[in-house]
$ cat query-v3.tsv   # TSV, C-alpha atoms
chain	number	residue	atom	x	y	z
A	1	MET	CA	-48.27	96.10	-23.66
A	2	SER	CA	-50.18	99.38	-23.61
A	3	ASP	CA	-48.10	101.00	-20.88
A	4	GLU	CA	-44.73	100.12	-22.43
A	5	PRO	CA	-44.16	103.34	-24.43
A	6	ALA	CA	-44.66	105.39	-21.27
A	7	LEU	CA	-42.39	103.05	-19.31
A	8	LEU	CA	-39.70	103.32	-21.97
A	9	ALA	CA	-39.89	107.11	-21.96
A	10	ARG	CA	-39.64	107.27	-18.18
A	11	ALA	CA	-36.81	104.73	-18.06
A	12	ALA	CA	-34.90	106.58	-20.77
A	13	GLY	CA	-35.29	109.72	-18.68
A	14	GLY	CA	-33.64	108.10	-15.69
A	15	ASP	CA	-36.65	106.73	-13.78
A	16	ARG	CA	-35.21	103.75	-11.92
A	17	THR	CA	-38.59	102.31	-11.00
A	18	ALA	CA	-39.66	102.29	-14.67
A	19	PHE	CA	-36.41	100.61	-15.70
A	20	ARG	CA	-36.83	98.01	-12.96
A	21	THR	CA	-40.32	97.26	-14.28
A	22	LEU	CA	-38.91	96.77	-17.80
A	23	TYR	CA	-36.19	94.52	-16.38
A	24	GLU	CA	-38.66	92.35	-14.50
A	25	ARG	CA	-40.98	92.20	-17.50
A	26	HIS	CA	-38.33	91.15	-20.04
A	27	ARG	CA	-35.68	89.36	-17.99
A	28	GLY	CA	-37.22	85.93	-18.60
A	29	SER	CA	-37.13	86.16	-22.40
A	30	VAL	CA	-33.61	87.61	-22.35
A	31	ALA	CA	-32.37	84.88	-19.99
A	32	ARG	CA	-33.93	82.18	-22.17
A	33	LEU	CA	-32.23	83.48	-25.30
A	34	VAL	CA	-28.89	83.90	-23.52
A	35	TYR	CA	-29.17	80.38	-22.11
A	36	ARG	CA	-29.81	78.93	-25.55
A	37	MET	CA	-27.06	80.90	-27.26
A	38	LEU	CA	-24.53	79.96	-24.57
A	39	ASN	CA	-25.59	76.30	-24.56
A	40	GLY	CA	-26.55	76.51	-20.90
A	41	ALA	CA	-23.23	77.89	-19.71
A	42	ARG	CA	-22.94	78.99	-16.10
A	43	GLU	CA	-22.34	82.62	-17.08
A	44	VAL	CA	-26.00	83.15	-18.05
A	45	ASP	CA	-26.79	85.45	-15.11
A	46	ASP	CA	-23.67	87.55	-15.68
A	47	VAL	CA	-24.47	87.95	-19.39
A	48	VAL	CA	-28.10	88.85	-18.65
A	49	GLN	CA	-26.86	91.57	-16.30
A	50	GLU	CA	-24.52	92.83	-19.03
A	51	VAL	CA	-27.44	92.92	-21.48
A	52	PHE	CA	-29.48	95.13	-19.18
A	53	LEU	CA	-26.49	97.35	-18.42
A	54	GLN	CA	-26.16	97.87	-22.17
A	55	VAL	CA	-29.91	98.50	-22.43
A	56	HIS	CA	-29.67	101.08	-19.64
A	57	ARG	CA	-26.82	102.86	-21.43
A	58	SER	CA	-28.48	102.75	-24.85
A	59	LEU	CA	-32.18	103.15	-24.08
A	60	LYS	CA	-32.10	106.87	-24.91
A	61	ASP	CA	-31.10	105.86	-28.46
A	62	PHE	CA	-34.13	103.59	-28.94
A	63	ASN	CA	-36.26	105.47	-31.45
A	64	GLY	CA	-39.31	103.22	-31.57
A	65	GLN	CA	-38.92	102.35	-35.26
A	66	SER	CA	-38.98	98.66	-34.30
A	67	LYS	CA	-40.68	96.87	-31.43
A	68	PHE	CA	-38.86	97.23	-28.12
A	69	SER	CA	-38.64	93.42	-27.88
A	70	THR	CA	-36.92	93.30	-31.28
A	71	TRP	CA	-34.43	95.99	-30.22
A	72	LEU	CA	-33.87	94.19	-26.92
A	73	HIS	CA	-33.18	90.91	-28.70
A	74	ARG	CA	-30.69	92.69	-30.98
A	75	VAL	CA	-28.85	94.01	-27.93
A	76	THR	CA	-28.97	90.53	-26.37
A	77	VAL	CA	-27.56	88.83	-29.47
A	78	ASN	CA	-24.73	91.37	-29.74
A	79	VAL	CA	-23.78	91.01	-26.07
A	80	VAL	CA	-23.84	87.21	-26.28
A	81	LEU	CA	-21.72	87.18	-29.44
A	82	MET	CA	-19.14	89.44	-27.79
A	83	HIS	CA	-19.13	87.14	-24.77
A	84	ARG	CA	-18.73	84.03	-26.93
A	85	ARG	CA	-15.83	85.54	-28.84
A	86	ALA	CA	-14.10	86.49	-25.59
A	87	ALA	CA	-14.64	83.01	-24.16
A	88	LYS	CA	-14.08	81.01	-27.34
A	89	SER	CA	-10.99	79.32	-25.96
A	90	ARG	CA	-12.86	78.06	-22.91
A	91	PRO	CA	-16.30	76.74	-23.92
A	92	VAL	CA	-18.40	75.48	-21.02
A	93	PHE	CA	-21.29	73.02	-21.16
A	94	SER	CA	-23.43	72.54	-18.11
A	95	GLY	CA	-26.29	70.25	-17.26
A	96	GLU	CA	-27.49	72.77	-14.71
A	97	VAL	CA	-31.13	73.76	-15.19
A	98	ILE	CA	-32.01	77.40	-14.60
A	99	ALA	CA	-35.46	77.62	-13.07
A	100	ASP	CA	-36.77	80.73	-14.82
A	101	VAL	CA	-35.26	79.82	-18.18
A	102	THR	CA	-36.51	76.31	-18.81
A	103	GLU	CA	-39.99	75.99	-20.29
A	104	ASP	CA	-40.90	72.43	-19.37
A	105	ASP	CA	-42.25	72.44	-15.82
A	106	CYS	CA	-43.89	69.02	-16.14
A	107	ALA	CA	-42.72	66.31	-13.77
A	108	VAL	CA	-40.71	63.58	-15.47
A	109	LEU	CA	-39.10	60.41	-14.26
A	110	PRO	CA	-35.37	60.68	-13.45
A	111	ASP	CA	-34.30	58.49	-16.38
A	112	GLU	CA	-36.53	60.43	-18.78
A	113	ASP	CA	-35.12	63.72	-17.47
A	114	ALA	CA	-31.55	62.47	-17.86
A	115	ALA	CA	-32.26	61.37	-21.44
A	116	ARG	CA	-33.86	64.73	-22.26
A	117	ARG	CA	-30.93	66.63	-20.81
A	118	GLU	CA	-28.48	64.55	-22.80
A	119	ARG	CA	-30.41	65.30	-26.00
A	120	VAL	CA	-30.29	69.02	-25.15
A	121	ARG	CA	-26.53	68.86	-24.51
A	122	ALA	CA	-25.93	66.82	-27.66
A	123	PHE	CA	-27.89	69.25	-29.82
A	124	ALA	CA	-26.04	72.17	-28.21
A	125	ARG	CA	-22.74	70.55	-29.18
A	126	LEU	CA	-23.90	70.32	-32.79
A	127	LEU	CA	-25.17	73.90	-32.79
A	128	ASP	CA	-21.80	75.07	-31.53
A	129	ARG	CA	-20.13	73.57	-34.60
A	130	ILE	CA	-21.99	75.56	-37.23
A	131	ALA	CA	-21.02	79.08	-38.25
A	132	GLU	CA	-22.05	81.86	-35.91
A	133	LYS	CA	-24.41	83.62	-38.34
A	134	LYS	CA	-26.26	80.38	-39.09
A	135	ARG	CA	-26.42	79.40	-35.42
A	136	VAL	CA	-27.96	82.73	-34.43
A	137	VAL	CA	-30.76	82.62	-37.00
A	138	PHE	CA	-31.47	78.95	-36.20
A	139	ILE	CA	-31.83	79.70	-32.49
A	140	LEU	CA	-33.99	82.77	-33.09
A	141	HIS	CA	-36.27	80.98	-35.56
A	142	GLU	CA	-36.44	77.36	-34.41
A	143	LEU	CA	-36.04	77.81	-30.65
A	144	GLU	CA	-37.39	81.32	-30.05
A	145	GLY	CA	-40.10	81.09	-32.72
A	146	MET	CA	-39.32	84.42	-34.39
A	147	PRO	CA	-40.28	85.07	-38.02
A	148	PRO	CA	-37.52	85.78	-40.57
A	149	THR	CA	-38.67	89.41	-40.89
A	150	GLU	CA	-38.01	90.08	-37.20
A	151	ILE	CA	-34.76	88.11	-37.26
A	152	ALA	CA	-33.63	90.27	-40.18
A	153	GLU	CA	-34.06	93.38	-37.98
A	154	ILE	CA	-32.19	91.75	-35.10
A	155	VAL	CA	-29.16	90.57	-37.10
A	156	GLY	CA	-29.11	93.45	-39.58
A	157	ALA	CA	-29.42	91.32	-42.72
A	158	PRO	CA	-31.96	91.04	-45.56
A	159	VAL	CA	-34.81	88.59	-45.05
A	160	LEU	CA	-33.59	86.48	-47.98
A	161	THR	CA	-30.20	86.17	-46.31
A	162	VAL	CA	-31.84	85.09	-43.07
A	163	ARG	CA	-33.81	82.41	-44.91
A	164	THR	CA	-30.66	81.21	-46.66
A	165	ARG	CA	-28.71	80.97	-43.41
A	166	LEU	CA	-31.60	79.10	-41.81
A	167	PHE	CA	-31.74	76.60	-44.66
A	168	TYR	CA	-28.02	75.86	-44.51
A	169	ALA	CA	-28.07	75.66	-40.71
A	170	ARG	CA	-30.82	73.01	-40.88
A	171	ARG	CA	-29.00	71.10	-43.59
A	172	GLU	CA	-25.70	71.09	-41.71
A	173	LEU	CA	-27.34	70.06	-38.44
A	174	GLU	CA	-29.25	67.26	-40.13
A	175	GLY	CA	-26.00	66.00	-41.62
A	176	MET	CA	-24.41	65.83	-38.16
A	177	LEU	CA	-27.27	64.16	-36.26
A	178	SER	CA	-25.88	60.68	-36.74
A	179	GLU	CA	-22.73	61.69	-34.87
A	180	GLU	CA	-24.69	62.01	-31.62
A	181	PRO	CA	-26.26	58.68	-30.54
A	182	SER	CA	-29.03	60.37	-28.56
A	183	LEU	CA	-30.06	62.32	-31.66
A	184	ALA	CA	-29.57	59.69	-34.35
A	185	ALA	CA	-33.30	59.11	-34.79
A	186	LEU	CA	-34.16	62.81	-34.91
A	187	GLN	CA	-35.16	64.37	-38.22
A	188	LEU	CA	-35.23	68.09	-38.90
A	189	SER	CA	-38.06	69.31	-41.10
A	190	PHE	CA	-37.28	71.47	-44.12
A	191	THR	CA	-39.56	74.15	-45.48
A	192	GLY	CA	-37.90	74.55	-48.85
A	193	GLY	CA	-34.64	75.32	-50.58
A	194	PRO	CA	-32.31	78.23	-49.98
A	195	ALA	CA	-33.52	81.68	-50.89
A	196	ASN	CA	-31.91	83.27	-53.92
A	197	GLY	CA	-29.65	86.22	-53.37
A	198	GLY	CA	-28.60	85.54	-49.78
A	199	ASP	CA	-25.24	84.53	-48.47
A	200	PRO	CA	-25.00	81.35	-46.38

$ encode --input "query-v3.tsv" --output "C-alpha cells"
Amino acid sequence: MSDEPALLARAAGGDRTAFRTLYERHRGSVARLVYRMLNGAREVDDVVQEVFLQVHRSLKDFNGQSKFSTWLHRVTVNVVLMHRRAAKSRPVFSGEVIADVTEDDCAVLPDEDAARRERVRAFARLLDRIAEKKRVVFILHELEGMPPTEIAEIVGAPVLTVRTRLFYARRELEGMLSEEPSLAALQLSFTGGPANGGDP
C-alpha cells in the first residue's frame, strides 16, 4: 500500500489516528493467524489486542528491512507462542466461528456445516500434536499461503530449515489422519523430500 510507509512513520511518532488506521487495515489478517494458531480458542480477541499492544510498543524499532506485514506476522507468532506456553495446561477447543476470521462466507446446509466444522476441529487436534516449530511453519505455509522465504524471516530460521520442518510436519500429519474418522479419506500432497542441512 503506497501510503503505508507514511502511516508507519506517523504511528511510530505517536499519531494515534495513524496507528488506528494500521490496526483496522491489518487486524483481519492478524486475527486469522491467531485463530489458526490457537485452534479457534476463545481467547483470540485478547491475543489480537496483545499483538497490537506489542506492535505499539515496538513500532519505533521497525527499520523497514522487511515488509511491515512480515514483521507484524513475526510479532503475532511470538505473542501466540508465549500465550500457548502460558496456557499449555489448559488447552481449549471451540466450535465458535468468528465472523471476521473465517474465509468461507458461502451458505451451507446445517449438516454440511457441522461436518466441515468437525473436520476443522479434528485437523486442529492433529496440528496440536506436532512440535511447535513444525506446526508454525505448516500454518504459515499451508493455511496462510506464505512462501518459505517469508516464513524464514518470521521464525528466524534458514529457508532450508523451514522447508525441512514443513516436510516433516506434512509427513507426521499424514501419518495421523487415520486416527480421526472425519479426516481418514484426506490426503496431504507432498512437494518433495526434506531439504538438506535443516533441522526438523

$ closest_residue --input "query-v3.tsv" --among "A:Leu183, A:Ile151, A:Val162, A:Leu33" --to "Ala115 in chain A" --atoms "only C-alpha atoms"
A:Leu183

$ axis_aligned_box --input "query-v3.tsv" --around "range 119-137 of chain A" --padding-each-side "5 Å" --output "lines of an AutoDock Vina configuration file"
center_x = -25.4
center_y = 74.5
center_z = -31.8
size_x = 20.6
size_y = 28.3
size_z = 24.6

$ closest_residue --input "query-v3.tsv" --among "A:Ala122, A:Leu53, A:Ala169, A:Leu72" --to "Glu153 in chain A" --atoms "only C-alpha atoms"
A:Leu72

$ closest_residue --input "query-v3.tsv" --among "A:Glu24, A:Glu174, A:Glu118, A:Glu132" --to "Arg85 in chain A" --atoms "only C-alpha atoms"
A:Glu132

$ closest_residue --input "query-v3.tsv" --among "A:Ser2, A:Phe138, A:Ala9, A:Val34" --to "Asp61 in chain A" --atoms "only C-alpha atoms"
A:Ala9

$ closest_residue --input "query-v3.tsv" --among "A:His26, A:Arg10, A:Arg165, A:Arg171" --to "Phe52 in chain A" --atoms "all atoms listed in the file"
A:His26

$ residues_near_point --input "query-v3.tsv" --point "(-41.5, 85.0, -32.5)" --cutoff "12 Å" --atoms "all atoms listed in the file" --output "PyMOL selection string"
chain A and resi 29+33+67+69-70+73+137+139-151+154

$ closest_residue --input "query-v3.tsv" --among "A:Ser182, A:Val80, A:Tyr35, A:His56" --to "Ala114 in chain A" --atoms "only C-alpha atoms"
A:Ser182

$ decode --input "query-v3.tsv" --residues "range 122-160 of chain A" --atoms "C-alpha atoms" --output "PDB file, in the first residue's frame"
ATOM      1  CA  ALA A 122     -10.173 -32.757  14.016  1.00  0.00           C
ATOM      2  CA  PHE A 123      -7.338 -31.261  11.970  1.00  0.00           C
ATOM      3  CA  ALA A 124      -6.667 -28.740  14.747  1.00  0.00           C
ATOM      4  CA  ARG A 125      -6.303 -31.623  17.209  1.00  0.00           C
ATOM      5  CA  LEU A 126      -3.717 -33.243  14.947  1.00  0.00           C
ATOM      6  CA  LEU A 127      -1.856 -29.966  14.442  1.00  0.00           C
ATOM      7  CA  ASP A 128      -1.674 -29.521  18.188  1.00  0.00           C
ATOM      8  CA  ARG A 129       0.190 -32.829  18.498  1.00  0.00           C
ATOM      9  CA  ILE A 130       3.156 -31.953  16.306  1.00  0.00           C
ATOM     10  CA  ALA A 131       6.157 -29.994  17.551  1.00  0.00           C
ATOM     11  CA  GLU A 132       5.721 -26.252  17.853  1.00  0.00           C
ATOM     12  CA  LYS A 133       8.308 -25.301  15.224  1.00  0.00           C
ATOM     13  CA  LYS A 134       6.759 -27.643  12.661  1.00  0.00           C
ATOM     14  CA  ARG A 135       3.229 -26.515  13.480  1.00  0.00           C
ATOM     15  CA  VAL A 136       4.109 -22.849  12.991  1.00  0.00           C
ATOM     16  CA  VAL A 137       5.670 -23.303   9.547  1.00  0.00           C
ATOM     17  CA  PHE A 138       2.809 -25.585   8.455  1.00  0.00           C
ATOM     18  CA  ILE A 139       0.201 -22.988   9.425  1.00  0.00           C
ATOM     19  CA  LEU A 140       2.119 -20.137   7.808  1.00  0.00           C
ATOM     20  CA  HIS A 141       2.721 -22.051   4.573  1.00  0.00           C
ATOM     21  CA  GLU A 142      -0.313 -24.290   4.095  1.00  0.00           C
ATOM     22  CA  LEU A 143      -3.016 -22.159   5.739  1.00  0.00           C
ATOM     23  CA  GLU A 144      -1.683 -18.619   5.327  1.00  0.00           C
ATOM     24  CA  GLY A 145      -0.099 -19.257   1.928  1.00  0.00           C
ATOM     25  CA  MET A 146       3.279 -17.704   2.746  1.00  0.00           C
ATOM     26  CA  PRO A 147       6.419 -18.711   0.832  1.00  0.00           C
ATOM     27  CA  PRO A 148       9.305 -20.351   2.730  1.00  0.00           C
ATOM     28  CA  THR A 149      11.474 -17.245   2.245  1.00  0.00           C
ATOM     29  CA  GLU A 150       8.998 -15.056   4.147  1.00  0.00           C
ATOM     30  CA  ILE A 151       8.420 -17.736   6.786  1.00  0.00           C
ATOM     31  CA  ALA A 152      12.188 -17.873   7.321  1.00  0.00           C
ATOM     32  CA  GLU A 153      12.142 -14.149   8.195  1.00  0.00           C
ATOM     33  CA  ILE A 154       9.182 -14.607  10.536  1.00  0.00           C
ATOM     34  CA  VAL A 155      10.576 -17.558  12.504  1.00  0.00           C
ATOM     35  CA  GLY A 156      14.237 -16.541  12.308  1.00  0.00           C
ATOM     36  CA  ALA A 157      15.479 -19.723  10.633  1.00  0.00           C
ATOM     37  CA  PRO A 158      17.199 -20.540   7.319  1.00  0.00           C
ATOM     38  CA  VAL A 159      14.940 -21.285   4.365  1.00  0.00           C
ATOM     39  CA  LEU A 160      16.266 -24.856   4.186  1.00  0.00           C
TER      40      LEU A 160
END
